[in-house]
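Student: Mind having a look at this structure? Questions to follow.
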Amino acid sequence: MTLLILGMGLCSFLPRYVPLAIFANREMHPVVKTLLNYTPPAVLAALVFPAILAPSGEGLEITVSNPYLIGGVATFVAGLVSKKFLLVTAIGIVVFFLSRWLLG
């Protein structure tokens with residue numbers, strides 16, 4: 001069991017550490033730097049949009065009766081207006097639960 005845990009730790013650690021060790025002292029091309037700046041928002045979108053647009057996992061639910069979509073839209077609009085993370089998060093959560101409660 002201990003060997004399994006150590007092996008899993010290495011499998012998780014090495015793919016993250018090796019690129020850092022190789023590229024730590026090298027200057028990246030500006031295009032690569034620009035593209036890497038888009039990685040976190042792209043990963044976040046890939047995680048969030050399926051949960052919002054297809055919460056049941058059985059196809060798209062782009063309707064006004066989808067509380068996930070209502071909460072997501074409210075969060076997006078609040079983010080455009082406010083730019084304050086905690087406020088935007090609170091608004092999204094409140095709108096989601098209110099719409100879920102109102103829609104049944």
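Going by the structure tokens order, chains are called A, B, ..., each with residues numbered from 1, while ligands are numbered from 1 in the order shown.
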Using the chain letters and numbers from this document, which residues of chain A does DSSP assign to helix (DSSP H, G or I), as number ranges by chain?
Tutor: A: 2-23, 30-37, 39-53, 67-81, 85-103
Student: Write out as a count of residues only each polymer residue whose atoms come within 6 Å of range 70-76 of chain A, counting only C-alpha atoms; drop sequence neighbours fewer than 5 positions from it.
Tutor: 4
Student: Here is a test: counting only C-alpha atoms, which residue of A:Asn66, A:Ser99, A:Thr34, A:Ser12 is nearest to Ala51 in chain A?
Tutor: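 Checking each candidate against Ala51 in chain A, we get A:Asn66 as the closest.
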Student: So how many Å separate CA of Lys83 in chain A and CA of Lys33 in chain A, to one decimal?
Tutor: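 Distance between the two atoms: 24.3 Å.
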Student: Which of these residues is nearest to Ile93 in chain A, using only C-alpha atoms: A:Pro50, A:Ile62, A:Leu69, A:Val81?
Tutor: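 The answer is A:Leu69, which sits nearest to Ile93 in chain A.
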Student: Report as a PyMOL selection string all protein, DNA and RNA residues lying within 10 Å of Gly104 in chain A, evaluated on only C-alpha atoms, omitting residues in the same chain fewer than 4 positions from it.
Tutor: chain A and resi 65+67+98-100
Student: Taking into account only C-alpha atoms, which residue in the set A:Tyr68, A:His29, A:Gly79, A:Ile22 is nearest to Ser56 in chain A?
Tutor: A:Tyr68
Student: Enter the distance from CA of Val94 in chain A to CA of Val77 in chain A, in Å, rounded to one decimal.
Tutor: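 Calculated distance between CA of Val94 in chain A and CA of Val77 in chain A is 13.8 Å.
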